[in-house]
>>> print(open('data-v8.txt').read())   # compact mmCIF, C-alpha atoms
# COMPACT_ATOMS: atom_id res chain seq x y z
CA MET V 1 6.92 -9.06 17.51
CA VAL V 2 6.27 -7.46 14.11
CA THR V 3 8.81 -8.65 11.56
CA VAL V 4 8.90 -8.87 7.78
CA THR V 5 10.57 -11.96 6.39
CA GLY V 6 11.72 -12.98 2.94
CA PHE V 7 11.33 -9.58 1.25
CA PHE V 8 14.82 -8.13 1.40
CA ALA V 9 16.18 -10.40 -1.34
CA VAL V 10 13.71 -9.14 -3.96
CA GLY V 11 14.20 -5.39 -3.64
CA ALA V 12 15.45 -5.00 -7.22
CA ALA V 13 12.47 -6.91 -8.59
CA TYR V 14 10.14 -4.69 -6.58
CA ALA V 15 11.72 -1.54 -8.00
CA GLU V 16 11.37 -2.90 -11.54
CA HIS V 17 7.72 -3.82 -10.97
CA SER V 18 7.00 -0.43 -9.43
CA ASP V 19 8.23 1.26 -12.59
CA SER V 20 6.03 -0.86 -14.89
CA ALA V 21 2.60 0.23 -16.13
CA ARG V 22 0.96 -2.38 -13.92
CA GLY V 23 2.88 -1.13 -10.90
CA ARG V 24 2.01 2.45 -11.81
CA LEU V 25 -1.68 1.57 -11.83
CA ARG V 26 -1.45 0.61 -8.16
CA HIS V 27 0.40 3.78 -7.20
CA ASP V 28 -1.87 6.09 -9.22
CA LEU V 29 -5.04 4.60 -7.73
CA VAL V 30 -3.78 4.75 -4.16
CA GLU V 31 -2.39 8.27 -4.58
CA ARG V 32 -5.68 9.54 -6.00
CA ARG V 33 -7.58 8.25 -2.99
CA LEU V 34 -5.07 9.72 -0.56
CA HIS V 35 -5.35 13.16 -2.16
CA ALA V 36 -9.14 12.90 -1.82
CA GLU V 37 -8.84 12.27 1.94
CA LEU V 38 -5.88 14.49 2.90
CA PRO V 39 -6.21 18.23 3.51
CA ALA V 40 -5.21 20.53 0.66
CA SER V 41 -2.76 22.28 2.99
CA PRO V 42 0.53 20.49 3.79
CA VAL V 43 0.43 17.89 6.57
CA ARG V 44 2.94 15.53 8.20
CA ILE V 45 2.86 11.98 6.86
CA LEU V 46 4.62 8.79 7.93
CA ASP V 47 5.10 6.24 5.14
CA VAL V 48 5.93 2.89 6.79
CA GLY V 49 7.50 0.35 4.46
CA CYS V 50 8.31 3.09 1.98
CA GLY V 51 10.59 0.83 -0.07
CA THR V 52 12.22 2.76 -2.89
CA GLY V 53 10.23 5.86 -1.99
CA GLU V 54 7.52 5.89 -4.65
CA MET V 55 4.63 7.08 -2.47
CA THR V 56 6.92 9.12 -0.23
CA ILE V 57 8.08 11.12 -3.24
CA ARG V 58 4.58 11.49 -4.67
CA LEU V 59 3.20 12.83 -1.39
CA ALA V 60 6.16 15.18 -0.93
CA ALA V 61 5.68 16.46 -4.48
CA ALA V 62 2.11 17.33 -3.47
CA GLY V 63 3.56 19.61 -0.78
CA HIS V 64 3.41 17.37 2.30
CA GLN V 65 6.18 16.76 4.83
CA VAL V 66 6.92 13.03 4.64
CA THR V 67 8.96 10.64 6.75
CA GLY V 68 9.70 7.42 4.86
CA ALA V 69 10.59 4.42 7.02
CA ASP V 70 11.88 1.05 5.81
CA PRO V 71 13.96 -1.66 7.52
CA ASP V 72 16.03 -2.38 4.38
CA PRO V 73 18.99 -0.01 3.94
CA ARG V 74 19.25 -1.01 0.28
CA MET V 75 15.71 0.16 -0.40
CA LEU V 76 16.41 3.40 1.43
CA ALA V 77 19.57 3.93 -0.61
CA VAL V 78 17.51 3.73 -3.80
CA ALA V 79 14.98 6.16 -2.33
CA ALA V 80 17.77 8.55 -1.33
CA GLY V 81 19.21 8.41 -4.84
CA ARG V 82 15.84 9.27 -6.33
CA LEU V 83 15.45 12.18 -3.95
CA ALA V 84 18.91 13.49 -4.81
CA ALA V 85 17.65 14.00 -8.36
CA LEU V 86 14.71 16.05 -7.06
CA PRO V 87 16.23 19.07 -5.29
CA GLU V 88 12.80 20.76 -5.16
CA LEU V 89 11.80 18.17 -2.54
CA ARG V 90 14.79 18.85 -0.31
CA GLY V 91 13.60 19.62 3.20
CA ARG V 92 10.26 17.84 2.73
CA VAL V 93 11.45 14.24 3.09
CA GLU V 94 13.24 12.38 5.86
CA LEU V 95 14.26 8.73 5.45
CA VAL V 96 14.72 6.49 8.49
CA GLU V 97 15.79 2.86 8.76
CA ALA V 98 12.98 1.21 10.72
CA GLY V 99 10.20 -1.33 10.34
CA ILE V 100 6.81 -1.36 12.03
CA GLY V 101 8.27 -2.87 15.17
CA GLY V 102 11.12 -0.37 15.37
CA LEU V 103 9.43 2.99 14.92
CA SER V 104 11.16 5.13 17.55
CA PHE V 105 9.49 8.53 17.47
CA GLY V 106 8.72 8.80 21.17
CA ARG V 107 5.22 10.23 21.48
CA GLU V 108 5.34 11.90 18.07
CA VAL V 109 2.25 11.49 15.89
CA PHE V 110 1.46 12.27 12.26
CA ASP V 111 -1.54 13.62 10.38
CA ALA V 112 -1.50 10.51 8.19
CA VAL V 113 0.20 7.13 8.42
CA CYS V 114 0.53 4.97 5.30
CA CYS V 115 1.50 1.30 5.27
CA HIS V 116 1.25 -0.10 1.76
CA GLY V 117 2.22 -3.60 0.68
CA VAL V 118 3.62 -4.69 4.05
CA LEU V 119 0.94 -6.65 5.93
CA MET V 120 1.05 -9.46 3.35
CA TYR V 121 4.55 -10.32 4.59
CA LEU V 122 3.43 -10.64 8.23
CA ASP V 123 1.87 -13.69 9.87
CA GLU V 124 -1.11 -11.64 11.06
CA PRO V 125 -2.14 -7.97 10.88
CA GLY V 126 -3.38 -7.19 14.39
CA GLU V 127 -0.18 -6.21 16.17
CA ALA V 128 1.08 -4.18 13.22
CA LEU V 129 -2.17 -2.22 12.96
CA ALA V 130 -2.13 -1.52 16.69
CA ARG V 131 1.39 -0.06 16.41
CA LEU V 132 0.50 1.99 13.34
CA THR V 133 -2.60 3.51 14.94
CA GLU V 134 -0.45 4.78 17.81
CA ARG V 135 1.27 7.12 15.34
CA VAL V 136 -1.91 8.76 14.01
CA ALA V 137 -2.81 12.18 15.41
CA PRO V 138 -6.40 13.10 16.40
CA GLY V 139 -8.39 13.61 13.21
CA GLY V 140 -5.62 11.86 11.27
CA LEU V 141 -5.78 9.20 8.58
CA LEU V 142 -4.54 5.60 8.46
CA SER V 143 -4.03 4.15 4.97
CA ILE V 144 -3.48 0.40 4.56
CA LEU V 145 -2.86 -1.44 1.29
CA ALA V 146 -2.96 -5.21 1.68
CA LYS V 147 -3.35 -8.35 -0.41
CA ASN V 148 -7.00 -9.24 -0.91
CA ARG V 149 -7.72 -12.67 0.52
CA ARG V 150 -10.98 -12.93 -1.44
CA ALA V 151 -9.17 -12.62 -4.76
CA ILE V 152 -6.61 -15.37 -4.17
CA GLY V 153 -6.72 -17.58 -7.25
CA VAL V 154 -8.15 -14.93 -9.58
CA ARG V 155 -4.77 -13.86 -11.01
CA GLU V 156 -3.84 -17.47 -11.68
CA ALA V 157 -7.16 -18.17 -13.40
CA LEU V 158 -6.99 -15.12 -15.65
CA ALA V 159 -3.38 -15.94 -16.54
CA GLY V 160 -4.46 -19.42 -17.64
CA ASP V 161 -2.93 -21.38 -14.74
CA TYR V 162 -6.17 -23.23 -14.08
CA GLU V 163 -4.69 -26.00 -11.95
CA SER V 164 -3.19 -23.57 -9.45
CA ALA V 165 -6.31 -21.41 -9.48
CA ARG V 166 -8.57 -24.36 -8.73
CA ARG V 167 -6.29 -25.57 -5.94
CA LEU V 168 -6.24 -22.14 -4.30
CA ILE V 169 -9.98 -21.63 -4.65
CA GLU V 170 -11.04 -25.09 -3.49
CA SER V 171 -8.74 -24.97 -0.47
CA GLU V 172 -9.90 -21.44 0.41
CA ALA V 173 -6.23 -20.54 0.72
CA ASP V 174 -5.26 -17.45 2.69
CA ARG V 175 -1.93 -17.08 0.88
CA SER V 176 -0.44 -17.55 -2.56
CA PRO V 177 2.73 -16.68 -4.52
CA GLY V 178 2.96 -12.92 -4.87
CA ASN V 179 4.14 -10.76 -7.74
CA LEU V 180 7.76 -11.05 -6.56
CA GLY V 181 7.69 -14.84 -6.26
CA LEU V 182 7.29 -14.98 -2.47
CA GLU V 183 4.27 -16.56 -0.81
CA THR V 184 2.21 -13.77 0.72
CA ARG V 185 -0.82 -13.71 3.00
CA GLY V 186 -4.15 -12.05 2.30
CA ASP V 187 -6.58 -10.07 4.44
CA THR V 188 -10.16 -9.03 3.84
CA ALA V 189 -11.23 -5.41 3.97
CA GLU V 190 -13.76 -6.33 6.64
CA THR V 191 -11.05 -7.80 8.89
CA LEU V 192 -8.85 -4.71 8.52
CA ASP V 193 -11.81 -2.41 9.20
CA ARG V 194 -12.74 -4.42 12.29
CA LEU V 195 -9.20 -4.22 13.65
CA THR V 196 -8.89 -0.47 13.13
CA ALA V 197 -12.37 0.07 14.61
CA GLY V 198 -11.15 -1.87 17.64
CA GLN V 199 -8.44 0.80 18.05
CA GLY V 200 -11.11 3.51 18.15
CA PHE V 201 -10.87 4.53 14.48
CA THR V 202 -13.74 5.13 12.07
CA PRO V 203 -13.32 3.05 8.87
CA LEU V 204 -13.90 4.81 5.56
CA ALA V 205 -15.05 3.27 2.27
CA TRP V 206 -12.53 0.72 1.00
CA GLN V 207 -11.44 0.09 -2.57
CA GLY V 208 -10.22 -2.83 -4.63
CA VAL V 209 -6.97 -2.11 -6.45
CA ARG V 210 -5.98 -3.64 -9.81
CA ILE V 211 -9.08 -5.57 -10.70
CA PHE V 212 -8.87 -6.04 -14.46
CA HIS V 213 -5.13 -5.75 -15.08
CA ASP V 214 -3.50 -7.74 -12.29
CA HIS V 215 -2.88 -10.85 -14.41
CA LEU V 216 -0.85 -8.92 -16.99
CA ASP V 217 2.91 -9.15 -16.62
CA ASP V 218 5.25 -6.21 -16.25
CA ALA V 219 5.87 -6.21 -20.00
CA TRP V 220 2.41 -4.67 -20.49
CA ALA V 221 3.21 -1.29 -22.00
CA PRO V 222 0.07 0.56 -23.13
CA GLY V 223 0.23 3.92 -24.84
CA ARG V 224 -0.77 7.02 -22.90
CA ALA V 225 -4.42 7.00 -23.99
CA ALA V 226 -4.82 3.28 -23.31
CA TYR V 227 -3.21 3.65 -19.89
CA GLU V 228 -5.47 6.55 -18.94
CA ALA V 229 -8.53 4.54 -20.04
CA ALA V 230 -7.37 1.58 -17.96
CA LEU V 231 -6.80 3.84 -14.94
CA GLU V 232 -10.26 5.39 -15.16
CA LEU V 233 -11.88 1.96 -15.54
CA GLU V 234 -10.03 0.64 -12.50
CA TRP V 235 -10.99 3.72 -10.48
CA ALA V 236 -14.68 3.41 -11.35
CA ALA V 237 -14.78 -0.29 -10.47
CA SER V 238 -12.65 0.09 -7.32
CA TRP V 239 -15.59 1.49 -5.33
CA ARG V 240 -18.22 -0.99 -6.46
CA SER V 241 -18.94 -4.59 -5.52
CA PRO V 242 -18.71 -7.20 -6.93
CA TYR V 243 -15.83 -5.71 -8.95
CA ARG V 244 -13.82 -4.39 -6.00
CA ASP V 245 -14.01 -7.80 -4.31
CA LEU V 246 -11.84 -9.20 -7.12
CA GLY V 247 -9.07 -6.60 -6.83
CA HIS V 248 -5.69 -8.16 -6.07
CA LEU V 249 -5.22 -5.54 -3.33
CA VAL V 250 -7.57 -3.85 -0.88
CA HIS V 251 -7.06 -0.24 0.14
CA THR V 252 -8.64 0.44 3.51
CA LEU V 253 -8.65 3.80 5.25
CA ALA V 254 -9.71 4.86 8.72
CA ARG V 255 -9.73 8.11 10.64
CA ARG V 256 -8.95 8.73 14.28
CA PRO V 257 -11.72 10.79 15.92
CA GLY V 258 -10.75 14.21 17.11
CA ARG V 259 -9.71 17.53 15.72
CA SER V 260 -6.92 17.57 13.18
CA ARG V 261 -3.96 19.89 13.78
CA SER V 262 -3.99 20.95 10.14
>>> encode(input="data-v8.txt", output="structure tokens")
Amino acid sequence: MVTVTGFFAVGAAYAEHSDSARGRLRHDLVERRLHAELPASPVRILDVGCGTGEMTIRLAAAGHQVTGADPDPRMLAVAAGRLAALPELRGRVELVEAGIGGLSFGREVFDAVCCHGVLMYLDEPGEALARLTERVAPGGLLSILAKNRRAIGVREALAGDYESARRLIESEADRSPGNLGLETRGDTAETLDRLTAGQGFTPLAWQGVRIFHDHLDDAWAPGRAAYEAALELEWAASWRSPYRDLGHLVHTLARRPGRSRS
């Protein structure tokens, strides 16, 4: 059974973080990679765990037809409010109340399925990935953003919490307190690639997300030029080891073999 626990109570904090410069770094990096992998022509996308609709709205603004799914009606209400202020996106977005375990689309499949920032709240990723891959059309893309198990302890060390960092590193912990104060579990890119390959998908190059700026709090407010410089630095490092191995998040992508409908 795929369930997400403990997250519903921190929806407001998530929305606030998402609007911060540090949160924007995550969204900008992930969106840039998605645009590089998606067709230029509009496709149908399923955004599972869409939260307040950040990536759903971004992808719809790029011209795609997006279904945003989330099990929390409060999150969906925020997303709906944001969409109401964007009449140009009317007709391109559908919001549904559902989690990974409750996706009821019959045999319907999508050209891309995104699941960002959800696996860290599950006990293990295998069942969720199996359900997500079922929704990807031939030639379609699966995009997963997860907490990086290899980087557990790095945020604490850079923030000066050396005792916690040493404890996490010496114990080889697979989980730690997340940005919203909940304990969250990490995965490695290799594990996620192995699981998607086991479903018949071809893994693509993975990236580390938020390598050099993860330890900053949400009060970090760089000017436009400084933000753009930080974004380009993070993008350059996100492809390259050993830097990408220290990213707080890993962005893995995989493609289902076959001919795309687009």
>>> closest_residue(input="data-v8.txt", among="V:Val136, V:Leu122, V:Leu204, V:Val93", to="V:Leu59", atoms="all atoms listed in the file")
V:Val93
>>> residues_around(input="data-v8.txt", residues="V:Leu249", least_positions_apart="3", cutoff="10 Å", atoms="only C-alpha atoms", output="PyMOL selection string")
chain V and resi 26+116-117+120+145-152+186-189+207-211+214+244-246+252
>>> closest_residue(input="data-v8.txt", among="V:Ser20, V:Gly51, V:Asp161, V:Leu25", to="V:Glu234", atoms="all atoms listed in the file")
V:Leu25
>>> closest_residue(input="data-v8.txt", among="V:Trp220, V:Phe105, V:Trp235, V:Tyr243", to="V:Gly23", atoms="all atoms listed in the file")
V:Trp220
>>> atom_distance(input="data-v8.txt", atom1="atom CA of V:Pro222", atom2="atom CA of V:Met55")
22.1 Å
